[in-house]
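File shown: data14.cif. Contents: mmCIF, C-alpha atoms.
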data_coords
loop_
_atom_site.label_atom_id
_atom_site.label_comp_id
_atom_site.auth_asym_id
_atom_site.auth_seq_id
_atom_site.Cartn_x
_atom_site.Cartn_y
_atom_site.Cartn_z
CA MET A 77 -46.55 -91.74 -84.62
CA PRO A 78 -43.69 -93.13 -82.49
CA MET A 79 -44.24 -96.60 -81.04
CA SER A 80 -44.37 -95.26 -77.48
CA ASP A 81 -47.55 -93.34 -78.32
CA VAL A 82 -49.45 -96.41 -79.37
CA MET A 83 -48.31 -98.69 -76.57
CA SER A 84 -50.45 -98.81 -73.47
CA ALA A 85 -47.63 -98.99 -70.88
CA TYR A 86 -44.43 -97.06 -70.18
CA ALA A 87 -41.17 -98.94 -70.78
CA THR A 88 -39.67 -97.51 -67.61
CA GLU A 89 -36.05 -98.45 -66.84
CA LYS A 90 -35.56 -100.69 -63.81
CA ARG A 91 -33.75 -97.97 -61.84
CA PHE A 92 -36.89 -95.79 -62.01
CA ARG A 93 -39.27 -98.58 -60.96
CA PRO A 94 -40.34 -98.73 -57.29
CA LYS A 95 -38.52 -101.45 -55.36
CA ARG A 96 -40.75 -101.34 -52.26
CA ALA A 97 -44.24 -102.91 -52.62
CA PRO A 98 -43.87 -103.54 -56.38
CA GLU A 99 -47.40 -105.00 -56.38
CA ARG A 100 -48.63 -101.43 -55.93
CA ALA A 101 -46.68 -100.17 -58.96
CA SER A 102 -48.16 -99.70 -62.43
CA TYR A 103 -46.86 -98.46 -65.76
CA ASP A 104 -50.28 -98.27 -67.39
CA LYS A 105 -50.61 -95.09 -69.45
CA ALA A 106 -54.34 -94.71 -68.86
CA LEU A 107 -53.85 -94.81 -65.07
CA VAL A 108 -50.91 -92.39 -65.23
CA HIS A 109 -52.84 -89.94 -67.42
CA ALA A 110 -55.89 -90.09 -65.13
CA VAL A 111 -53.82 -89.19 -62.06
CA LEU A 112 -51.97 -86.39 -63.88
CA ASP A 113 -55.22 -84.95 -65.25
CA GLU A 114 -56.98 -84.99 -61.89
CA ALA A 115 -54.19 -83.54 -59.72
CA LEU A 116 -53.64 -79.78 -59.61
CA MET A 117 -50.21 -79.79 -58.00
CA ALA A 118 -46.88 -81.45 -58.79
CA HIS A 119 -43.83 -81.58 -56.53
CA VAL A 120 -40.73 -80.93 -58.64
CA ALA A 121 -37.32 -81.97 -57.31
CA TYR A 122 -33.83 -81.19 -58.59
CA THR A 123 -30.37 -80.96 -57.08
CA ASP A 124 -28.48 -77.66 -57.12
CA GLU A 125 -24.79 -77.26 -57.99
CA ALA A 126 -23.84 -77.52 -54.31
CA GLY A 127 -25.50 -80.96 -54.19
CA VAL A 128 -28.50 -79.76 -52.16
CA PRO A 129 -31.90 -81.18 -53.17
CA HIS A 130 -34.87 -78.86 -53.64
CA VAL A 131 -38.54 -79.68 -54.01
CA ILE A 132 -41.02 -77.08 -55.25
CA PRO A 133 -44.83 -77.35 -55.43
CA MET A 134 -46.01 -76.33 -58.91
CA TYR A 135 -49.17 -76.15 -60.95
CA PHE A 136 -48.77 -78.13 -64.18
CA VAL A 137 -50.57 -79.47 -67.23
CA ARG A 138 -50.21 -82.73 -69.13
CA ASP A 139 -49.76 -82.25 -72.88
CA GLY A 140 -50.13 -85.71 -74.40
CA GLU A 141 -46.97 -87.58 -73.47
CA SER A 142 -45.29 -84.77 -71.55
CA LEU A 143 -45.75 -82.49 -68.56
CA LEU A 144 -45.54 -78.71 -68.91
CA LEU A 145 -44.33 -76.60 -66.00
CA HIS A 146 -43.93 -72.83 -65.86
CA GLY A 147 -42.45 -70.33 -63.46
CA SER A 148 -40.14 -67.38 -63.09
CA ALA A 149 -37.29 -67.46 -65.59
CA LYS A 150 -34.97 -66.55 -62.70
CA MET A 151 -35.94 -69.32 -60.30
CA GLY A 152 -33.32 -71.89 -59.25
CA LEU A 153 -35.35 -74.61 -60.92
CA ALA A 154 -35.06 -72.81 -64.29
CA LYS A 155 -31.30 -72.52 -63.84
CA ALA A 156 -31.08 -76.25 -63.11
CA ALA A 157 -33.07 -77.00 -66.26
CA ARG A 158 -30.77 -74.76 -68.34
CA ARG A 159 -27.73 -76.74 -67.25
CA GLY A 160 -29.45 -80.06 -68.06
CA ALA A 161 -29.94 -81.29 -64.50
CA PRO A 162 -32.11 -84.39 -63.95
CA PHE A 163 -35.51 -83.76 -62.41
CA CYS A 164 -37.96 -85.91 -60.49
CA ILE A 165 -41.64 -84.98 -60.37
CA ASN A 166 -44.19 -86.55 -58.08
CA VAL A 167 -47.94 -86.03 -58.34
CA THR A 168 -50.03 -87.61 -55.57
CA LEU A 169 -53.75 -87.74 -54.88
CA LEU A 170 -54.47 -88.52 -51.24
CA ASP A 171 -57.60 -90.68 -51.18
CA GLY A 172 -57.94 -91.80 -47.58
CA LEU A 173 -56.52 -92.64 -44.18
CA VAL A 174 -56.40 -96.36 -43.39
CA LEU A 175 -56.82 -97.02 -39.66
CA ALA A 176 -55.77 -100.55 -38.76
CA ARG A 177 -55.85 -102.59 -35.55
CA SER A 178 -52.05 -102.44 -35.25
CA GLY A 179 -49.87 -99.37 -35.53
CA PHE A 180 -47.79 -101.04 -38.25
CA HIS A 181 -50.72 -101.58 -40.63
CA HIS A 182 -51.92 -97.99 -40.54
CA SER A 183 -51.60 -96.66 -44.05
CA VAL A 184 -52.97 -94.19 -46.57
CA ASN A 185 -54.85 -94.73 -49.80
CA TYR A 186 -53.36 -92.76 -52.66
CA ARG A 187 -52.74 -92.61 -56.39
CA SER A 188 -49.25 -91.36 -57.21
CA VAL A 189 -47.17 -90.82 -60.34
CA THR A 190 -43.41 -90.24 -60.42
CA VAL A 191 -41.60 -89.02 -63.53
CA HIS A 192 -37.83 -88.85 -63.94
CA GLY A 193 -35.99 -87.06 -66.73
CA VAL A 194 -34.18 -84.01 -67.98
CA PRO A 195 -36.68 -81.30 -68.94
CA GLU A 196 -36.28 -79.23 -72.06
CA ILE A 197 -36.90 -75.50 -72.19
CA VAL A 198 -39.80 -74.58 -74.44
CA GLU A 199 -39.39 -71.47 -76.64
CA GLY A 200 -41.16 -69.54 -79.38
CA GLU A 201 -44.57 -70.57 -80.67
CA GLU A 202 -44.47 -73.77 -78.68
CA LYS A 203 -44.06 -71.67 -75.53
CA THR A 204 -47.13 -69.60 -76.45
CA ARG A 205 -49.09 -72.80 -76.96
CA ALA A 206 -47.84 -74.19 -73.62
CA LEU A 207 -48.96 -71.06 -71.76
CA ASP A 208 -52.35 -71.31 -73.46
CA LEU A 209 -52.66 -74.97 -72.40
CA THR A 210 -51.78 -73.96 -68.84
CA VAL A 211 -54.80 -71.63 -68.70
CA GLU A 212 -56.98 -73.88 -70.86
CA ARG A 213 -56.55 -76.71 -68.39
CA LEU A 214 -58.60 -74.76 -65.86
CA ALA A 215 -61.52 -73.92 -68.13
CA LYS A 216 -62.15 -74.70 -71.76
CA GLY A 217 -62.00 -71.60 -73.95
CA ARG A 218 -60.41 -69.43 -71.25
CA SER A 219 -57.03 -69.04 -73.01
CA ALA A 220 -58.80 -67.19 -75.84
CA GLU A 221 -60.67 -64.90 -73.41
CA VAL A 222 -57.83 -63.67 -71.21
CA ARG A 223 -55.14 -61.20 -72.27
CA ALA A 224 -52.19 -63.11 -73.68
CA ALA A 225 -48.71 -62.56 -72.26
CA ASN A 226 -46.97 -59.37 -73.38
CA VAL A 227 -43.28 -59.34 -74.30
CA LYS A 228 -42.13 -58.60 -70.76
CA GLU A 229 -44.33 -61.31 -69.20
CA PHE A 230 -43.34 -63.82 -71.89
CA LYS A 231 -39.63 -63.22 -71.22
CA ALA A 232 -40.09 -63.37 -67.44
CA THR A 233 -41.66 -66.83 -67.69
CA VAL A 234 -39.83 -70.10 -68.26
CA VAL A 235 -41.70 -73.11 -69.64
CA LEU A 236 -40.31 -76.61 -69.15
CA ARG A 237 -41.38 -79.80 -70.86
CA LEU A 238 -40.64 -83.17 -69.28
CA LYS A 239 -41.43 -86.13 -71.49
CA LEU A 240 -43.39 -89.02 -70.00
CA GLU A 241 -40.84 -91.78 -70.54
CA GLN A 242 -39.42 -92.80 -67.16
CA VAL A 243 -42.78 -93.01 -65.42
CA ALA A 244 -44.14 -95.12 -62.57
CA ALA A 245 -47.51 -95.02 -60.86
CA LYS A 246 -48.01 -96.33 -57.36
CA THR A 247 -51.39 -96.77 -55.73
CA ARG A 248 -53.00 -98.13 -52.59
CA THR A 249 -56.73 -98.70 -52.58
CA GLY A 250 -59.19 -100.69 -50.48
CA GLY A 251 -59.51 -101.42 -46.81
CA VAL A 252 -57.34 -102.45 -43.88
CA ASN A 253 -54.88 -105.34 -44.12
CA ASP A 254 -54.73 -106.50 -40.53
CA GLU A 255 -52.99 -109.58 -39.18
CA PRO A 256 -55.35 -112.50 -38.41
CA GLU A 257 -54.35 -112.44 -34.73
CA ASP A 258 -55.39 -108.76 -34.41
CA MET A 259 -58.97 -109.15 -35.65
CA GLU A 260 -60.50 -109.47 -32.18
CA LEU A 261 -58.90 -106.31 -30.78
CA PRO A 262 -61.52 -103.82 -29.57
CA VAL A 263 -60.35 -100.98 -31.82
CA TRP A 264 -62.20 -99.40 -34.74
CA ALA A 265 -60.64 -100.19 -38.10
CA GLY A 266 -61.53 -98.83 -41.50
CA VAL A 267 -60.91 -96.11 -44.03
CA ILE A 268 -61.55 -92.37 -43.73
CA PRO A 269 -61.96 -91.11 -47.31
CA LEU A 270 -60.33 -87.82 -48.31
CA HIS A 271 -60.77 -85.71 -51.42
CA LEU A 272 -59.93 -82.23 -52.62
CA ALA A 273 -63.19 -80.29 -52.73
CA VAL A 274 -64.07 -77.20 -54.75
CA GLY A 275 -65.74 -74.33 -52.91
CA THR A 276 -68.04 -71.59 -54.18
CA PRO A 277 -66.27 -69.22 -56.62
CA LEU A 278 -65.51 -65.80 -55.13
CA ALA A 279 -65.80 -63.22 -57.91
CA ASP A 280 -63.41 -60.27 -57.89
CA ALA A 281 -65.33 -57.17 -56.72
CA ALA A 282 -64.44 -55.37 -59.97
CA CYS A 283 -65.84 -58.10 -62.26
CA LEU A 284 -67.93 -56.61 -65.05
CA PRO A 285 -71.65 -57.33 -64.54
CA GLY A 286 -73.14 -60.42 -66.17
CA LEU A 287 -69.99 -62.54 -66.18
CA ALA A 288 -70.40 -66.06 -64.80
CA ALA A 289 -67.64 -68.09 -63.16
CA PRO A 290 -66.21 -70.52 -65.72
CA HIS A 291 -67.13 -74.18 -65.66
CA LEU A 292 -63.85 -75.70 -64.47
CA THR A 293 -62.35 -78.49 -66.56
CA LEU A 294 -61.68 -80.93 -63.73
CA THR A 295 -61.54 -84.70 -63.80
CA GLY A 296 -62.10 -87.32 -61.13
CA PRO A 297 -63.91 -86.76 -57.82
CA LEU A 298 -63.34 -83.01 -58.12
CA SER A 299 -65.57 -82.83 -61.17
CA GLU A 300 -68.46 -84.45 -59.32
CA ARG A 301 -68.76 -81.74 -56.68
CA MET B 255 -34.63 -74.43 -22.96
CA PRO B 256 -32.48 -73.56 -26.00
CA MET B 257 -32.90 -70.07 -27.37
CA SER B 258 -34.42 -71.36 -30.62
CA ASP B 259 -37.39 -72.76 -28.69
CA VAL B 260 -38.33 -69.44 -27.20
CA MET B 261 -37.87 -67.36 -30.34
CA SER B 262 -40.90 -66.90 -32.52
CA ALA B 263 -39.11 -67.09 -35.90
CA TYR B 264 -36.65 -69.48 -37.56
CA ALA B 265 -33.12 -68.11 -38.14
CA THR B 266 -33.00 -69.70 -41.59
CA GLU B 267 -29.76 -69.29 -43.53
CA LYS B 268 -29.96 -67.06 -46.61
CA ARG B 269 -29.35 -70.00 -48.99
CA PHE B 270 -32.54 -71.67 -47.74
CA ARG B 271 -34.67 -68.53 -48.00
CA PRO B 272 -36.87 -68.12 -51.11
CA LYS B 273 -35.40 -65.66 -53.59
CA ARG B 274 -38.53 -65.33 -55.79
CA ALA B 275 -41.40 -63.27 -54.34
CA PRO B 276 -39.71 -62.82 -50.92
CA GLU B 277 -42.77 -60.81 -49.79
CA ARG B 278 -44.62 -64.14 -49.71
CA ALA B 279 -42.00 -65.77 -47.47
CA SER B 280 -42.29 -66.10 -43.70
CA TYR B 281 -40.17 -67.61 -40.94
CA ASP B 282 -42.84 -67.33 -38.28
CA LYS B 283 -42.93 -70.46 -36.14
CA ALA B 284 -46.67 -70.27 -35.45
CA LEU B 285 -47.45 -70.14 -39.19
CA VAL B 286 -45.03 -72.99 -39.94
CA HIS B 287 -46.48 -75.16 -37.19
CA ALA B 288 -50.05 -74.49 -38.33
CA VAL B 289 -49.27 -75.62 -41.89
CA LEU B 290 -47.39 -78.71 -40.71
CA ASP B 291 -50.16 -79.66 -38.30
CA GLU B 292 -52.92 -79.29 -40.89
CA ALA B 293 -51.26 -81.09 -43.82
CA LEU B 294 -51.35 -84.88 -44.00
CA MET B 295 -48.69 -85.34 -46.67
CA ALA B 296 -45.08 -84.22 -47.07
CA HIS B 297 -42.97 -84.50 -50.22
CA VAL B 298 -39.49 -85.66 -49.25
CA ALA B 299 -36.60 -85.11 -51.67
CA TYR B 300 -33.05 -86.45 -51.60
CA THR B 301 -30.36 -87.18 -54.17
CA ASP B 302 -29.09 -90.72 -54.69
CA GLU B 303 -25.42 -91.70 -55.07
CA ALA B 304 -25.74 -91.49 -58.87
CA GLY B 305 -26.79 -87.84 -58.53
CA VAL B 306 -30.44 -88.52 -59.41
CA PRO B 307 -33.04 -86.62 -57.37
CA HIS B 308 -36.00 -88.47 -55.87
CA VAL B 309 -39.19 -87.12 -54.31
CA ILE B 310 -41.47 -89.33 -52.25
CA PRO B 311 -44.90 -88.51 -50.82
CA MET B 312 -45.00 -89.42 -47.12
CA TYR B 313 -47.30 -89.16 -44.13
CA PHE B 314 -45.54 -87.35 -41.27
CA VAL B 315 -46.01 -85.83 -37.86
CA ARG B 316 -44.55 -82.72 -36.25
CA ASP B 317 -42.95 -83.36 -32.86
CA GLY B 318 -42.26 -79.93 -31.39
CA GLU B 319 -39.34 -78.53 -33.37
CA SER B 320 -38.85 -81.52 -35.67
CA LEU B 321 -40.63 -83.62 -38.27
CA LEU B 322 -40.90 -87.40 -37.91
CA LEU B 323 -41.06 -89.60 -41.00
CA HIS B 324 -41.29 -93.36 -41.17
CA GLY B 325 -41.11 -96.00 -43.85
CA SER B 326 -39.51 -99.26 -44.88
CA ALA B 327 -36.00 -99.68 -43.49
CA LYS B 328 -34.96 -100.86 -46.96
CA MET B 329 -36.24 -97.90 -48.97
CA GLY B 330 -33.78 -95.73 -50.91
CA LEU B 331 -34.69 -92.78 -48.73
CA ALA B 332 -33.57 -94.70 -45.60
CA LYS B 333 -30.26 -95.55 -47.27
CA ALA B 334 -29.75 -91.87 -48.14
CA ALA B 335 -30.43 -90.91 -44.52
CA ARG B 336 -27.93 -93.52 -43.26
CA ARG B 337 -25.14 -91.99 -45.35
CA GLY B 338 -26.01 -88.48 -44.10
CA ALA B 339 -27.45 -87.10 -47.33
CA PRO B 340 -29.16 -83.70 -47.21
CA PHE B 341 -32.96 -83.77 -47.50
CA CYS B 342 -35.54 -81.22 -48.56
CA ILE B 343 -39.14 -81.58 -47.41
CA ASN B 344 -42.04 -79.57 -48.77
CA VAL B 345 -45.52 -79.52 -47.26
CA THR B 346 -48.14 -77.58 -49.21
CA LEU B 347 -51.82 -76.88 -48.64
CA LEU B 348 -53.58 -75.89 -51.85
CA ASP B 349 -56.18 -73.27 -50.92
CA GLY B 350 -57.52 -72.04 -54.23
CA LEU B 351 -57.20 -71.32 -57.92
CA VAL B 352 -56.79 -67.65 -58.81
CA LEU B 353 -58.31 -66.83 -62.19
CA ALA B 354 -57.11 -63.48 -63.48
CA ARG B 355 -57.95 -61.36 -66.54
CA SER B 356 -54.53 -62.08 -68.09
CA GLY B 357 -52.88 -65.46 -68.47
CA PHE B 358 -49.79 -64.18 -66.64
CA HIS B 359 -51.62 -63.27 -63.43
CA HIS B 360 -53.33 -66.63 -63.03
CA SER B 361 -52.06 -68.11 -59.79
CA VAL B 362 -52.88 -70.39 -56.90
CA ASN B 363 -53.47 -69.66 -53.25
CA TYR B 364 -51.43 -71.90 -50.99
CA ARG B 365 -49.63 -72.25 -47.67
CA SER B 366 -46.33 -74.04 -48.02
CA VAL B 367 -43.42 -74.97 -45.75
CA THR B 368 -39.99 -76.12 -46.92
CA VAL B 369 -37.44 -77.66 -44.55
CA HIS B 370 -33.82 -78.44 -45.42
CA GLY B 371 -31.45 -80.56 -43.37
CA VAL B 372 -29.81 -83.88 -42.70
CA PRO B 373 -32.24 -86.19 -40.90
CA GLU B 374 -31.14 -88.37 -38.02
CA ILE B 375 -32.24 -91.96 -37.60
CA VAL B 376 -34.32 -92.50 -34.48
CA GLU B 377 -33.69 -95.68 -32.48
CA GLY B 378 -34.71 -97.40 -29.26
CA GLU B 379 -37.30 -95.91 -26.92
CA GLU B 380 -37.38 -92.70 -28.92
CA LYS B 381 -38.38 -94.75 -31.97
CA THR B 382 -41.23 -96.35 -30.02
CA ARG B 383 -42.40 -92.89 -28.97
CA ALA B 384 -42.13 -91.64 -32.58
CA LEU B 385 -44.29 -94.50 -33.87
CA ASP B 386 -46.84 -93.78 -31.14
CA LEU B 387 -46.92 -90.10 -32.14
CA THR B 388 -47.44 -91.14 -35.77
CA VAL B 389 -50.65 -92.98 -34.83
CA GLU B 390 -51.62 -90.49 -32.13
CA ARG B 391 -51.60 -87.68 -34.68
CA LEU B 392 -54.66 -89.24 -36.34
CA ALA B 393 -56.76 -89.67 -33.21
CA LYS B 394 -56.02 -88.89 -29.58
CA GLY B 395 -55.61 -92.05 -27.49
CA ARG B 396 -55.34 -94.36 -30.50
CA SER B 397 -51.68 -95.30 -29.95
CA ALA B 398 -52.66 -96.94 -26.65
CA GLU B 399 -55.56 -98.85 -28.24
CA VAL B 400 -53.84 -100.46 -31.24
CA ARG B 401 -51.36 -103.33 -31.07
CA ALA B 402 -47.84 -101.91 -30.78
CA ALA B 403 -45.16 -102.97 -33.26
CA ASN B 404 -43.66 -106.42 -32.70
CA VAL B 405 -39.92 -107.01 -33.05
CA LYS B 406 -40.14 -107.82 -36.77
CA GLU B 407 -42.30 -104.77 -37.57
CA PHE B 408 -40.10 -102.52 -35.42
CA LYS B 409 -36.96 -103.66 -37.28
CA ALA B 410 -38.63 -103.34 -40.69
CA THR B 411 -39.49 -99.68 -40.03
CA VAL B 412 -37.10 -96.76 -40.18
CA VAL B 413 -37.93 -93.54 -38.35
CA LEU B 414 -36.26 -90.28 -39.35
CA ARG B 415 -36.21 -87.00 -37.48
CA LEU B 416 -35.53 -83.75 -39.30
CA LYS B 417 -35.07 -80.75 -37.04
CA LEU B 418 -36.96 -77.57 -37.87
CA GLU B 419 -34.00 -75.24 -38.26
CA GLN B 420 -33.63 -74.37 -41.96
CA VAL B 421 -37.30 -73.60 -42.50
CA ALA B 422 -39.20 -71.24 -44.78
CA ALA B 423 -42.93 -70.78 -45.26
CA LYS B 424 -44.34 -69.31 -48.44
CA THR B 425 -47.96 -68.34 -48.86
CA ARG B 426 -50.29 -66.65 -51.31
CA THR B 427 -53.68 -65.51 -50.10
CA GLY B 428 -56.36 -63.12 -51.30
CA GLY B 429 -57.79 -62.27 -54.68
CA VAL B 430 -56.56 -61.50 -58.19
CA ASN B 431 -53.76 -59.01 -58.86
CA ASP B 432 -54.65 -57.80 -62.33
CA GLU B 433 -53.00 -54.97 -64.25
CA PRO B 434 -55.02 -51.70 -64.26
CA GLU B 435 -55.32 -51.83 -68.07
CA ASP B 436 -56.95 -55.30 -67.92
CA MET B 437 -59.82 -54.40 -65.58
CA GLU B 438 -62.35 -53.74 -68.36
CA LEU B 439 -61.81 -57.08 -70.12
CA PRO B 440 -65.04 -59.13 -70.32
CA VAL B 441 -63.63 -62.15 -68.52
CA TRP B 442 -64.62 -63.53 -65.10
CA ALA B 443 -61.91 -63.09 -62.48
CA GLY B 444 -61.83 -64.39 -58.95
CA VAL B 445 -60.81 -67.23 -56.70
CA ILE B 446 -62.09 -70.81 -56.67
CA PRO B 447 -61.47 -72.10 -53.13
CA LEU B 448 -60.12 -75.63 -52.64
CA HIS B 449 -59.81 -77.73 -49.51
CA LEU B 450 -59.15 -81.32 -48.58
CA ALA B 451 -62.45 -82.75 -47.33
CA VAL B 452 -63.06 -85.72 -45.05
CA GLY B 453 -65.66 -88.26 -46.16
CA THR B 454 -67.80 -90.64 -44.12
CA PRO B 455 -65.70 -93.31 -42.35
CA LEU B 456 -66.01 -96.77 -43.90
CA ALA B 457 -65.75 -99.34 -41.12
CA ASP B 458 -63.98 -102.62 -41.85
CA ALA B 459 -66.62 -105.34 -42.22
CA ALA B 460 -64.99 -107.34 -39.44
CA CYS B 461 -65.12 -104.50 -36.88
CA LEU B 462 -66.36 -105.71 -33.52
CA PRO B 463 -69.88 -104.44 -32.79
CA GLY B 464 -70.26 -101.21 -30.81
CA LEU B 465 -66.97 -99.59 -31.91
CA ALA B 466 -67.30 -96.01 -33.17
CA ALA B 467 -64.97 -94.40 -35.70
CA PRO B 468 -62.42 -92.26 -33.83
CA HIS B 469 -62.75 -88.51 -33.67
CA LEU B 470 -59.86 -87.48 -35.93
CA THR B 471 -57.36 -85.01 -34.54
CA LEU B 472 -57.30 -82.64 -37.48
CA THR B 473 -56.57 -78.92 -37.55
CA GLY B 474 -57.57 -76.16 -39.96
CA PRO B 475 -60.42 -76.33 -42.49
CA LEU B 476 -60.38 -80.14 -42.33
CA SER B 477 -61.50 -80.08 -38.72
CA GLU B 478 -64.54 -77.95 -39.52
CA ARG B 479 -66.14 -80.47 -41.87
#

Written form, structure tokens:
Amino acid sequence: MPMSDVMSAYATEKRFRPKRAPERASYDKALVHAVLDEALMAHVAYTDEAGVPHVIPMYFVRDGESLLLHGSAKMGLAKAARRGAPFCINVTLLDGLVLARSGFHHSVNYRSVTVHGVPEIVEGEEKTRALDLTVERLAKGRSAEVRAANVKEFKATVVLRLKLEQVAAKTRTGGVNDEPEDMELPVWAGVIPLHLAVGTPLADAACLPGLAAPHLTLTGPLSER
Amino acid sequence: MPMSDVMSAYATEKRFRPKRAPERASYDKALVHAVLDEALMAHVAYTDEAGVPHVIPMYFVRDGESLLLHGSAKMGLAKAARRGAPFCINVTLLDGLVLARSGFHHSVNYRSVTVHGVPEIVEGEEKTRALDLTVERLAKGRSAEVRAANVKEFKATVVLRLKLEQVAAKTRTGGVNDEPEDMELPVWAGVIPLHLAVGTPLADAACLPGLAAPHLTLTGPLSER
């Protein structure tokens, strides 16, 4: 087992550590994993050959100390990965709106993870496993129940792996941080909590009788609703 | 009034139009505005001078045909804006998980807007107005109630405006799209709806008595809860 797997914090290079509000930054692996396992969407950024940045919302799954992404083999993001372009991935959970007594101290509560690195393209059996994990993340056992990718689907899909090495979490929690001189202002201050909520499953009209919606494998507040 | 304000669709250049699944793309201004007005978080990407992409989650507000962002005047993103770097902003609402009978046809329902362009830095009275809009977006009338930025706060904040010109929406709605040969598989298929939900406001303990939490100015599903 490499040393990085047994350490509890990422040894992120200084250039990938947040400079603003460093007191809100963390490199703790447990915190990073918790955010990545709760969030259902990553924002994946890369720069194209003309120097134009792109950012794409993507479903993803954490596989130990890496993130797995998948998409069309023809997408610009796949081309960027094939030429070894650096990527930046941000995953953010929006936890609340912070309404302060001054405009300046308005804020949001959030838990955010940013990962930098050059993704590798996953092929062969490892790609099959990655696609299984992608489905398995939603509901335990589901990857064995659904039809696996056929040759055409397998070829049409690209799978990328980005190792969790250059990683930084950033979080804001708690209440308002108003200036002492603003405390007597007659304006409501506090936090409006936000969370992603799961609605009632809508079964496809052609579902065979007797099939129940799967129990989703979700972590964090999502799992409690 | 410039022509672009009276047209109902963005005249987005081909290079900023999605190439994958173009049937899911839209340039309709009403759709774009609805997504931007409902979402509370944008993901803002730029490339630094070393060629490394960055993506930052940010609160934002739409001001007619532009987006307003704000942050620390010292942040890397502000430096990139000052040197005229191109930005890419994505705003995505995650509406549901689509569980299909094959791994390949698993998907997500979403409404997403991507904007490309070079932001301008907003100064002077227009900056004051932008900061007011940023607070006003949360609750009507609030910008007049809170303490306005003092000179130090005003200087410490950068405000960026990105015009809505190179804009593309992309959406997926509806149910599963399974292959005809998979319809008899004994696996549940359907959509699990997702939405961002608003919790009960938590007043700051030092709130003056008699102040009620503001009625949030929210659009879309958020406003119905």

**Study point:** Expected answer as a ChimeraX atom specification: chain A residues within 6 Å of chain B, all atoms listed in the file
**Key:** /A:122,129-130,164,177-180,222-225,264-275,277-280,287,289

Check your understanding: From the list B:Leu285, B:Arg269, B:Ala327, B:Val315, which residue is nearest Asp124 in chain A when using all atoms listed in the file?
Key ->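 Checking each of B:Leu285, B:Arg269, B:Ala327, B:Val315 against Asp124 in chain A, counting all atoms listed in the file, the winner is B:Arg269.
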
Review point. Applied to this file, what does the PyMOL selection byres ((chain A and resi 88) around 12) return in terms of residues, put as a ChimeraX atom specification?
Key: /A:80,85-87,89-94,101-105,190-193,240-245

Point to revise | Coordinates-based distance that separates CA of Leu153 in chain A from CA of Leu209 in chain A (Å, one decimal) | key: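 Spanning CA of Leu209 in chain A to CA of Leu153 in chain A is a straight-line distance of 20.8 Å.
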
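Computed from the coordinates, the CA of Thr247 in chain A to CA of Arg337 in chain B distance equals 28.6 Å.
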
**Study point:** d(CA of Thr471 in chain B, CA of Gly318 in chain B) in Å
**Key:** 16.2 Å

Check your understanding: Taking the file as shown, what set of residues would the PyMOL selection byres ((chain A and resi 198-203) around 9) give back, as a PyMOL selection string?
Key -> chain A and resi 144+196-197+204-208+230+234-237
